[in-house]
Amino acid sequence: MFKLVFLAFMGAGVPVAIAMAAAVLLFVLLSGNAPPFVVIHRMVGGIDSFPLLAVPFFILAGNLMNVAGITTRIYNFSLALVGWLRGGLAHVNIVGSVIFAGMSGTAIADAAGLGTIEIKAMKDHGYSTEFAVGVTAASATLGPIIPPSLPFVIYAMFANVSVGQLFLAGIVPGAVMALLMMLTVAWFARRNGWGRDTRPEWRRIAKALAELAVVVAFPVVLWALSGTGVNMQLACALALAALLVADRFFRFDAVLPIMTPVLLIGGMTSGLFTATEGAIAACVWALFLGLVWYRTLSLKTLVKACMDTVETSSTVLFIVAAASIFGWMLTATRTTELIAQWVLTFATEPWQFLLLANALMLFVGCFLEPTAAITILVPILLPIVQHLGIDPVHFGLVMVLNLMIGLLHPPMGLVLFVLARVARLSVERTTMAILPWLVPLLGSLALVTFVPAVSLWLPRLLS
C-alpha cells in the first residue's frame, strides 16, 4: 500500500524525500502495527552515522575551491596543456573537468563553476553555443566519478562498502571517459576543419608537463619510502613543505589544487585517515589555499561557501533520512525479497541483470536526483547483486555513472537546467546539444558495466 501512496505523491509533484516519509507515515498510522514515533526514530537513526559526516565536508571543500578562484587556475593550466590542439578549448573543457572533479565531487558544481568560464571562452573563440554546452555537460559527469565523490559516499553507506575502495574504483573509469570525450572532440575538429585556438607555446607546455610530473612524483616517492621504515607522517609533511617551496619558486598554476585528490586517496589507502577525516582534511587544505597561500578567499565569499554548504547538505541529509525509513519499510514488508525473487526468474546471469539494471537506472536517473535514486534503488537491487556474485564496488560505479547520465536529460536533469541557464539557451536546444555526447558516455557505461576489471583493477592492486 505505501508503495502506491509513494507513487501517487511523486505523480502529484511532491518532493521525493517528503513523498517517501509521508508514504511510510500514512502506512504506519493506518496499519497500527507500530507507533508513529518509529518514523522519526528511524529517520534520525538513518543519518546518525560517522561516515555520513563526509557529505557536508566534501560539499564544503568543493564550494571553497569554487569561490576561492581555483577554477581560473585550473582553466589556465588546462589551456597551457592541451589548448594548442585542434579543437583546443573543447579539450581544455574536458581536462579542466577532470581536475575540478578531484575537488568538487559533484556534477552540478562542475557545470556551474568551471562551466561558466569554459562556455564563455568557447563562444568568444567562435564555437557554437550548442557545442560548448554539449561538451561542458558531458565533461561535468566526471565530477562524481573521479574521487572525491558525494554519490559514492551515499552509496557506500547504504551498500555497506568501503568509501576508499569506491574512490579508487572511479579513477580508471574517469580516465577512460575523459579519453573517449577527447576522441569525440578530435572527430568533431576533423569533420569541421577546426584549427588550433592558441599557438603551441613550448615554454608553457613544458611548465604544464612539469606540474603534472610533480603531482605524479609526490605519491610515487612516498610509496617508495613506505617500505623503508621511514615515519610516513613526517615524510608526508616534509614532501608537502618541499612542494609549497617549489610552488612559490616556480609559480605553478594548479599543482596545489590538483594535489587534493592525491592527498585524499593517499591518506585513505595508507590508513592515515578515514573518508570522513579525509573530507575534513580537504576542507582544511581548501581553506589553506584560499586564505593563506593564494589569498583569494575573503570573509564574504567564505560565508557564502558555508551558507551554500548548509543548504545543499540539508537537502541531501533530509533525502537520506527519508530514504532510511523508506528502505526499512521495504525490508519489513518483504518487498525487496519479492522483487529479487521476481527478477531472478528471468535474469539468471550477471550480464542479464546488469543490462536490465542499466535500463532501469537510466530511466530513473531522468526523473530523480542522484542521491534520492541511490537511496531508493540500493536496498532493492543490492540483494540481487549479492545473489549473483557481482562485486558491490563495481555495481556502485555502474549505478553512479547511470545516474550521472540521467542528469543530462529532461524532465529532471539538473545539469541540463544549470547549463541552459548559464548559456541562455532553451531546454530544448540544450537537450539537442547534449545528444551527440551520449555516444562516448554510453560507450563508457558499456565498458564499465561489462568489463569489471576497469573499475576493480586499481582497488585490488592497492588493497
# chains A, B, ... in the order shown; residues from 1 in each chain; ligands from 1
call {"tool": "residues_around", "arguments": {"residues": "Phe6 (chain A)", "least_positions_apart": "2", "cutoff": "6 Å", "atoms": "only C-alpha atoms", "output": "list in words"}}
result
Lys3, Leu4, Ala8, Phe9, Ala19, Met20 and Ala23 of chain A
call {"tool": "write_last_selection", "arguments": {"atoms": "C-alpha atoms", "output": "short mmCIF file (atom, residue, chain, number, x, y, z; two decimals), in the first residue's frame"}}
result
data_model
loop_
_atom_site.label_atom_id
_atom_site.label_comp_id
_atom_site.auth_asym_id
_atom_site.auth_seq_id
_atom_site.Cartn_x
_atom_site.Cartn_y
_atom_site.Cartn_z
CA LYS A 3 4.39 1.99 -2.38
CA LEU A 4 1.22 3.08 -4.18
CA ALA A 8 0.82 8.87 -6.06
CA PHE A 9 2.76 11.56 -4.18
CA ALA A 19 6.90 11.59 -0.59
CA MET A 20 8.95 8.76 0.96
CA ALA A 23 4.01 7.37 2.48
#
call {"tool": "residues_around", "arguments": {"residues": "region 250-256 of chain A", "least_positions_apart": "2", "cutoff": "6 Å", "atoms": "only C-alpha atoms", "output": "ChimeraX atom specification"}}
result
/A:73-74,77,211,246-248,258-259
call {"tool": "write_last_selection", "arguments": {"atoms": "C-alpha atoms", "output": "PDB file, in the first residue's frame"}}
result
ATOM      1  CA  ARG A  73      43.943  28.440 -12.215  1.00  0.00           C
ATOM      2  CA  ILE A  74      42.640  25.085 -13.411  1.00  0.00           C
ATOM      3  CA  PHE A  77      46.696  25.086 -16.588  1.00  0.00           C
ATOM      4  CA  GLU A 211      53.451  20.416 -12.957  1.00  0.00           C
ATOM      5  CA  ALA A 246      58.612  24.674  -5.257  1.00  0.00           C
ATOM      6  CA  ASP A 247      55.211  26.241  -5.912  1.00  0.00           C
ATOM      7  CA  ARG A 248      56.370  29.594  -4.530  1.00  0.00           C
ATOM      8  CA  ILE A 258      45.482  19.045  -8.239  1.00  0.00           C
ATOM      9  CA  MET A 259      47.075  17.626  -5.095  1.00  0.00           C
TER      10      MET A 259
END
call {"tool": "atom_distance", "arguments": {"atom1": "CA of Thr296 (chain A)", "atom2": "CA of Gly69 (chain A)"}}
result
6.5 Å
call {"tool": "residues_around", "arguments": {"residues": "Val55 (chain A)", "least_positions_apart": "3", "cutoff": "9 Å", "atoms": "only C-alpha atoms", "output": "mmCIF file with C-alpha atoms, in the first residue's frame"}}
result
data_model
loop_
_atom_site.group_PDB
_atom_site.id
_atom_site.type_symbol
_atom_site.label_atom_id
_atom_site.label_comp_id
_atom_site.auth_asym_id
_atom_site.auth_seq_id
_atom_site.Cartn_x
_atom_site.Cartn_y
_atom_site.Cartn_z
ATOM 1 C CA PRO A 51 30.796 8.052 7.623
ATOM 2 C CA LEU A 52 27.901 10.301 6.585
ATOM 3 C CA PHE A 58 33.136 17.262 0.838
ATOM 4 C CA ILE A 59 30.444 19.729 -0.219
ATOM 5 C CA LEU A 60 32.200 22.480 1.754
ATOM 6 C CA LEU A 150 29.407 12.649 -2.976
ATOM 7 C CA VAL A 153 29.740 8.302 -0.059
ATOM 8 C CA ILE A 154 25.940 7.893 -0.115
ATOM 9 C CA THR A 276 35.296 11.330 6.878
ATOM 10 C CA ALA A 279 36.821 15.185 3.885
ATOM 11 C CA SER A 313 23.846 19.391 2.989
ATOM 12 C CA VAL A 316 20.988 15.716 0.880
ATOM 13 C CA LEU A 317 20.700 14.599 4.506
#
call {"tool": "residues_around", "arguments": {"residues": "Phe158 (chain A)", "least_positions_apart": "6", "cutoff": "9 Å", "atoms": "only C-alpha atoms", "output": "PyMOL selection string"}}
result
chain A and resi 324+374-375+378-379
call {"tool": "residues_around", "arguments": {"residues": "region 340-355 of chain A", "least_positions_apart": "6", "cutoff": "12 Å", "atoms": "only C-alpha atoms", "output": "JSON, numbers by chain"}}
result
{"A": [331, 334, 361, 362, 379, 380, 381, 382, 383, 384, 385, 386, 387, 388, 389, 390, 391, 394, 395, 396, 397, 398, 399, 402, 445, 446, 447, 448, 449, 450, 451, 452]}
call {"tool": "residues_around", "arguments": {"residues": "Trp437 (chain A)", "least_positions_apart": "2", "cutoff": "12 Å", "atoms": "only C-alpha atoms", "output": "PyMOL selection string"}}
result
chain A and resi 130-141+177-178+180-185+187-188+405+408-409+430-435+439-444
call {"tool": "closest_residue", "arguments": {"among": "A:Cys366, A:Ile146, A:Leu425, A:Leu64", "to": "Leu291 (chain A)", "atoms": "only C-alpha atoms"}}
result
A:Leu64
call {"tool": "atom_distance", "arguments": {"atom1": "CA of Leu179 (chain A)", "atom2": "CA of Leu401 (chain A)"}}
result
15.8 Å
call {"tool": "atom_distance", "arguments": {"atom1": "CA of Trp285 (chain A)", "atom2": "CA of Thr260 (chain A)"}}
result
7.6 Å
